[in-house]
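**Student:** Input structure: data09.txt, which contains compact mmCIF, C-alpha atoms.
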# COMPACT_ATOMS: atom_id res chain seq x y z
CA MET A 22 0.06 -0.41 -12.05
CA ASN A 23 0.56 0.84 -8.50
CA ARG A 24 0.11 -2.05 -6.05
CA ILE A 25 -2.34 -0.05 -3.95
CA LYS A 26 -4.46 0.72 -7.03
CA PHE A 27 -4.45 -2.93 -8.02
CA PHE A 28 -5.59 -4.26 -4.69
CA ALA A 29 -8.11 -1.51 -4.19
CA LEU A 30 -9.53 -2.58 -7.54
CA ILE A 31 -9.51 -6.28 -6.69
CA THR A 32 -11.25 -5.73 -3.38
CA VAL A 33 -13.73 -3.29 -4.89
CA LEU A 34 -14.79 -5.93 -7.36
CA MET A 35 -15.37 -8.36 -4.52
CA LEU A 36 -17.29 -5.80 -2.47
CA ALA A 37 -19.52 -4.03 -4.92
CA ILE A 38 -20.56 -5.95 -8.06
CA SER A 39 -24.22 -5.16 -8.70
CA ALA A 40 -24.94 -5.77 -12.40
CA SER A 41 -28.42 -7.02 -13.30
CA TYR A 42 -27.87 -10.07 -15.53
CA ALA A 43 -30.25 -12.60 -13.97
CA GLU A 44 -30.29 -14.68 -17.13
CA ASP A 45 -26.50 -15.07 -16.99
CA GLN A 46 -25.93 -17.94 -14.54
CA PRO A 47 -22.22 -17.38 -13.74
CA VAL A 48 -22.79 -13.66 -13.15
CA LYS A 49 -25.85 -14.45 -11.04
CA GLN A 50 -23.74 -16.85 -8.96
CA LEU A 51 -21.15 -14.11 -8.48
CA GLN A 52 -23.85 -11.67 -7.41
CA THR A 53 -25.18 -14.19 -4.91
CA PHE A 54 -21.71 -14.89 -3.56
CA LEU A 55 -20.86 -11.22 -3.06
CA LYS A 56 -24.23 -10.38 -1.57
CA SER A 57 -23.87 -13.14 1.01
CA SER A 58 -20.23 -12.30 1.83
CA LYS A 59 -20.50 -9.79 4.64
CA ALA A 60 -17.11 -11.11 5.74
CA PHE A 61 -14.59 -13.26 3.93
CA SER A 62 -11.18 -14.84 4.50
CA ALA A 63 -8.92 -16.97 2.32
CA ASP A 64 -5.35 -17.99 1.67
CA PHE A 65 -4.01 -16.66 -1.61
CA LYS A 66 -1.28 -17.34 -4.12
CA GLN A 67 -0.35 -14.46 -6.42
CA VAL A 68 1.62 -14.92 -9.62
CA LEU A 69 2.98 -12.03 -11.70
CA LEU A 70 3.68 -12.85 -15.34
CA ASN A 71 5.57 -10.92 -18.00
CA GLU A 72 4.48 -10.29 -21.61
CA ALA A 73 5.71 -13.76 -22.61
CA GLY A 74 3.49 -15.36 -19.97
CA GLU A 75 6.46 -16.35 -17.82
CA PRO A 76 6.19 -16.11 -14.02
CA LYS A 77 8.20 -13.20 -12.60
CA GLN A 78 7.26 -13.53 -8.95
CA THR A 79 5.05 -15.74 -6.80
CA SER A 80 3.74 -14.59 -3.44
CA PHE A 81 1.67 -16.21 -0.71
CA GLY A 82 -0.46 -14.81 2.06
CA LYS A 83 -3.84 -14.30 3.66
CA PHE A 84 -6.76 -12.10 2.61
CA TYR A 85 -9.59 -10.70 4.77
CA LEU A 86 -12.64 -8.64 3.83
CA GLN A 87 -15.51 -7.12 5.75
CA HIS A 88 -18.37 -4.89 4.65
CA PRO A 89 -18.39 -2.01 4.26
CA GLY A 90 -15.07 -1.11 2.63
CA LYS A 91 -12.63 -3.00 4.86
CA PHE A 92 -9.96 -5.33 3.56
CA ARG A 93 -6.54 -6.65 4.45
CA TRP A 94 -3.88 -8.41 2.36
CA ASP A 95 -1.16 -10.03 4.47
CA TYR A 96 1.82 -11.04 2.33
CA GLN A 97 3.85 -13.70 4.12
CA LYS A 98 6.22 -15.10 1.48
CA PRO A 99 8.67 -14.27 -0.04
CA PHE A 100 8.37 -10.75 1.45
CA GLN A 101 6.33 -9.45 4.36
CA GLN A 102 3.90 -6.74 3.32
CA GLN A 103 0.47 -5.55 4.38
CA ILE A 104 -2.27 -3.62 2.59
CA VAL A 105 -5.09 -2.52 4.89
CA SER A 106 -8.21 -0.50 4.07
CA ASN A 107 -10.48 1.08 6.66
CA SER A 108 -12.41 4.34 7.08
CA GLY A 109 -11.76 5.43 3.50
CA LYS A 110 -7.97 5.06 3.69
CA VAL A 111 -5.45 2.47 2.52
CA TRP A 112 -2.19 1.72 4.33
CA PHE A 113 0.57 -0.04 2.39
CA TYR A 114 3.34 -1.37 4.64
CA ASP A 115 6.58 -2.82 3.27
CA ALA A 116 8.56 -4.46 6.08
CA ASP A 117 11.82 -4.68 4.10
CA LEU A 118 11.73 -1.00 3.16
CA GLU A 119 10.49 -0.03 6.64
CA GLN A 120 7.99 2.23 4.93
CA VAL A 121 4.26 2.93 5.13
CA THR A 122 2.32 4.77 2.41
CA VAL A 123 -1.15 6.10 3.20
CA LYS A 124 -3.69 6.99 0.53
CA LYS A 125 -7.28 8.06 0.49
CA LEU A 126 -9.72 5.75 -1.26
CA ASP A 127 -11.06 8.21 -3.80
CA GLU A 128 -10.15 9.42 -7.25
CA SER A 129 -6.51 9.75 -6.18
CA LEU A 130 -6.22 6.01 -6.77
CA GLY A 131 -6.50 6.81 -10.44
CA SER A 132 -9.39 4.66 -11.57
CA THR A 133 -13.17 4.58 -11.26
CA PRO A 134 -13.30 1.04 -9.79
CA ALA A 135 -11.75 2.29 -6.54
CA LEU A 136 -14.77 4.53 -6.04
CA LEU A 137 -17.03 1.48 -5.95
CA LEU A 138 -16.00 0.96 -2.33
CA THR A 139 -18.38 3.78 -1.49
CA GLY A 140 -21.27 1.91 -3.10
CA ASP A 141 -22.24 5.04 -5.02
CA ILE A 142 -21.09 3.87 -8.47
CA SER A 143 -22.75 1.13 -10.46
CA LEU A 144 -20.46 -1.52 -11.89
CA GLU A 145 -22.64 -1.93 -14.97
CA ASP A 146 -22.14 1.75 -15.76
CA ASN A 147 -18.36 1.36 -15.72
CA PHE A 148 -17.75 -2.16 -17.06
CA THR A 149 -18.92 -4.48 -19.79
CA ILE A 150 -19.55 -7.86 -18.14
CA GLU A 151 -19.08 -11.06 -20.15
CA THR A 152 -19.09 -14.75 -19.30
CA GLN A 153 -15.97 -16.62 -20.42
CA GLY A 154 -17.04 -20.23 -20.15
CA VAL A 155 -15.68 -23.03 -17.97
CA GLU A 156 -12.10 -24.13 -17.44
CA GLY A 157 -11.89 -27.27 -15.34
CA ASP A 158 -14.23 -26.70 -12.41
CA MET A 159 -14.08 -22.93 -12.65
CA GLN A 160 -16.52 -20.58 -14.37
CA TRP A 161 -14.98 -17.32 -15.57
CA ILE A 162 -16.45 -13.82 -15.89
CA ARG A 163 -14.66 -10.95 -17.64
CA LEU A 164 -14.99 -7.27 -16.74
CA LEU A 165 -13.97 -4.78 -19.44
CA PRO A 166 -13.59 -1.14 -18.34
CA LYS A 167 -15.62 1.30 -20.41
CA SER A 168 -13.34 4.23 -19.64
CA GLN A 169 -10.45 4.77 -22.04
CA GLU A 170 -8.45 6.21 -19.14
CA SER A 171 -8.45 2.95 -17.23
CA THR A 172 -5.04 1.59 -16.21
CA PHE A 173 -6.03 -2.01 -16.97
CA LYS A 174 -7.42 -3.94 -19.93
CA TYR A 175 -9.65 -6.45 -18.17
CA VAL A 176 -10.32 -8.41 -14.99
CA LEU A 177 -11.32 -12.08 -14.91
CA ILE A 178 -13.16 -13.53 -11.92
CA GLY A 179 -13.27 -17.30 -11.41
CA LEU A 180 -15.98 -19.13 -9.47
CA GLU A 181 -15.89 -22.73 -8.30
CA LYS A 182 -19.07 -24.22 -6.85
CA GLY A 183 -20.46 -20.72 -6.48
CA SER A 184 -17.49 -19.43 -4.48
CA LEU A 185 -14.62 -17.16 -5.44
CA SER A 186 -11.63 -19.22 -6.51
CA GLY A 187 -9.43 -17.09 -8.75
CA MET A 188 -8.85 -13.71 -10.36
CA GLU A 189 -6.75 -12.38 -13.22
CA LEU A 190 -5.91 -8.79 -14.15
CA SER A 191 -4.18 -7.53 -17.29
CA ASP A 192 -2.79 -4.00 -17.13
CA ASN A 193 -1.83 -1.63 -19.92
CA PHE A 194 1.87 -2.34 -19.43
CA GLY A 195 1.70 -5.97 -20.52
CA GLN A 196 1.79 -7.39 -17.02
CA LEU A 197 -0.60 -10.16 -16.01
CA THR A 198 -1.48 -10.84 -12.37
CA ARG A 199 -3.19 -14.03 -11.27
CA ILE A 200 -4.54 -14.77 -7.81
CA TYR A 201 -5.69 -18.19 -6.63
CA PHE A 202 -7.80 -18.47 -3.46
CA SER A 203 -7.95 -21.50 -1.16
CA ASN A 204 -9.30 -22.30 2.30
CA VAL A 205 -12.12 -19.86 1.59
CA LYS A 206 -14.39 -19.03 4.53
CA LEU A 207 -17.64 -17.10 4.19
CA ASN A 208 -18.72 -14.86 7.04
CA PRO A 209 -16.08 -16.02 9.53
CA ARG A 210 -15.76 -14.36 12.90
CA LEU A 211 -12.89 -11.93 12.39
CA GLU A 212 -10.76 -10.56 15.18
CA ALA A 213 -11.56 -7.11 16.49
CA GLY A 214 -9.00 -4.62 15.26
CA LEU A 215 -7.99 -6.70 12.24
CA PHE A 216 -8.56 -3.71 9.96
CA ASP A 217 -6.98 -1.15 12.31
CA PHE A 218 -3.49 -0.31 11.09
CA LYS A 219 -0.80 1.21 13.29
CA ALA A 220 2.58 1.92 11.77
CA PRO A 221 5.39 -0.01 13.49
CA LYS A 222 7.77 2.10 15.52
CA GLY A 223 10.66 3.53 13.56
CA VAL A 224 9.23 3.19 10.02
CA ASP A 225 8.82 6.09 7.60
CA VAL A 226 5.23 7.14 6.94
CA PHE A 227 4.23 8.95 3.75
CA SER A 228 0.73 10.35 3.19
CA GLU A 229 -0.48 11.19 -0.30
Turn this file's structure into structure tokens for me.
**Tutor:**
Amino acid sequence: MNRIKFFALITVLMLAISASYAEDQPVKQLQTFLKSSKAFSADFKQVLLNEAGEPKQTSFGKFYLQHPGKFRWDYQKPFQQQIVSNSGKVWFYDADLEQVTVKKLDESLGSTPALLLTGDISLEDNFTIETQGVEGDMQWIRLLPKSQESTFKYVLIGLEKGSLSGMELSDNFGQLTRIYFSNVKLNPRLEAGLFDFKAPKGVDVFSE
């Protein structure tokens, strides 16, 4: 799965879940968390696993989110990368490649979940939502895409004490991506211009 598609999807799920399952406590907690998260920041650890469940790559960085439709993933280790969304566009910057790719947040991202950033598409119309029980201190919720054209099999969302703590995505190519959040802050005061991206001087910029 294209990295931009994946992170658009992840952020969409954090921004726009609106299913009506009041009797389902974990889902209700997730709804409450997302509704109250007008802004959000956290450290993250991302682990990519192969079909055998073996780690292929581990990355570390910082994540920021602000309603409506703004997010930023800052990869710090082992490679410096940025993914920034603002004003209906996504900028993907790879420092090692000295390259920036710009995409519009619409159907060009290849999956319905990306459209949820607009707030015009209901999650319950596009996903089957299931609780997955408790593992340690985390409650898990699974989202199954209803569209057969989706590029992923499912997304798991983990909550700990009512706050986002982890996510897992399985794509149709046998790759599993896990993200663990720490140092979570709800509604922090974010710096002005945090979601404004300007390509560094000398890098190649590609618009799609």
**Student:** Using all atoms listed in the file for the distances, tell me which of A:Phe54, A:Phe148, A:Phe84, A:Phe173 is nearest to Ile104 in chain A.
**Tutor:**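 Closest residue, counting all atoms listed in the file: A:Phe84.
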**Student:** For Pro47 in chain A, work out the shell of residues within 8 Å, counting all atoms listed in the file and skipping chain neighbours fewer than 6 positions away, then give it as a ChimeraX atom specification.
**Tutor:** /A:152,160-162,180
**Student:** Hey, what's within 6 Å of Leu190 in chain A if we count all atoms listed in the file and toss same-chain stuff fewer than 5 positions away? As a VMD selection string, please?
**Tutor:** chain A and resid 175 to 176 197 to 198
**Student:** Rounded to one decimal in Å, what is the spacing between CA of Lys98 in chain A and CA of Gly187 in chain A?
**Tutor:**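 CA of Lys98 in chain A sits 18.8 Å away from CA of Gly187 in chain A.
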**Student:** Have a look at CA of Lys219 in chain A and CA of Asn107 in chain A and let me know their distance in Å, one decimal.
**Tutor:**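 Answer for the CA of Lys219 in chain A to CA of Asn107 in chain A separation: 11.7 Å.
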**Student:** In Å, rounded to a single decimal, give me how far CA of Gln46 in chain A is from CA of Ser171 in chain A.
**Tutor:**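 Rounded to one decimal, the two atoms are 27.4 Å apart.
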**Student:** In the coordinates of the file, take the point (-8.0, -2.1, -20.1) and a cut-off of 10 Å; then, counting all atoms listed in the file, name each qualifying protein, DNA or RNA residue as an MDAnalysis selection string.
**Tutor:** chainID A and resid 164:176 190:194
**Student:** Compare A:Val226, A:Ala116, A:Leu185, A:Met159 by their minimum atom-to-atom distance to Thr53 in chain A, counting all atoms listed in the file, and give me the closest one.
**Tutor:**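 Smallest separation from Thr53 in chain A among the options: A:Leu185.
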**Student:** Quick one: residues within 10 Å of Leu118 in chain A, only C-alpha atoms, excluding same-chain residues fewer than 2 positions away - as a list in words?
**Tutor:**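 In the requested form, the answer reads Gln102, Tyr114, Asp115, Ala116, Gln120, Val121, Val224 and Asp225 of chain A.
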**Student:** Find, counting all atoms listed in the file, the residue in A:Asp117, A:Ala63, A:Lys56, A:Glu229 that gets nearest to Val205 in chain A.
**Tutor:**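 Looking only at the distances to Val205 in chain A, the closest residue turns out to be A:Ala63.
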**Student:** Residues within 7 Å of (-12.4, 5.0, 2.3), file coordinates, counting only C-alpha atoms: what are they? Give the list as JSON, numbers by chain.
**Tutor:** {"A": [90, 107, 108, 109, 110, 125, 126]}
**Student:** Can you tell me, as a list in words, what residues are no more than 8 Å from Phe81 in chain A when counting only C-alpha atoms, ignoring any on the same chain fewer than 5 positions away?
**Tutor:**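 Listing them by chain and then by number gives Asp64, Phe65, Lys66, Gln67, Tyr96, Gln97, Lys98 and Pro99 of chain A.
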**Student:** Dump C-alpha atoms for the selected residues as a PDB file, in the coordinates of the input?
**Tutor:**
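After the write, result19.pdb holds the following:
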ATOM      1  CA  ASP A  64      -5.350 -17.990   1.670  1.00  0.00           C
ATOM      2  CA  PHE A  65      -4.010 -16.660  -1.610  1.00  0.00           C
ATOM      3  CA  LYS A  66      -1.280 -17.340  -4.120  1.00  0.00           C
ATOM      4  CA  GLN A  67      -0.350 -14.460  -6.420  1.00  0.00           C
ATOM      5  CA  TYR A  96       1.820 -11.040   2.330  1.00  0.00           C
ATOM      6  CA  GLN A  97       3.850 -13.700   4.120  1.00  0.00           C
ATOM      7  CA  LYS A  98       6.220 -15.100   1.480  1.00  0.00           C
ATOM      8  CA  PRO A  99       8.670 -14.270  -0.040  1.00  0.00           C
TER       9      PRO A  99
END
**Student:** Would you mind telling me which residue in A:Ile150, A:Arg199, A:Phe216, A:Trp94 lies nearest to Gly74 in chain A when using all atoms listed in the file?
**Tutor:**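 Using all atoms listed in the file, Gly74 in chain A sits closest to A:Arg199.
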**Student:** Using 3 Å of padding on each side, determine the axis-aligned box around all atoms of range 76-89 of chain A present in the file and give its centre and edge lengths in Å to one decimal, as lines of an AutoDock Vina configuration file.
**Tutor:**
center_x = -5.1
center_y = -9.1
center_z = -4.1
size_x = 32.6
size_y = 20.2
size_z = 25.8
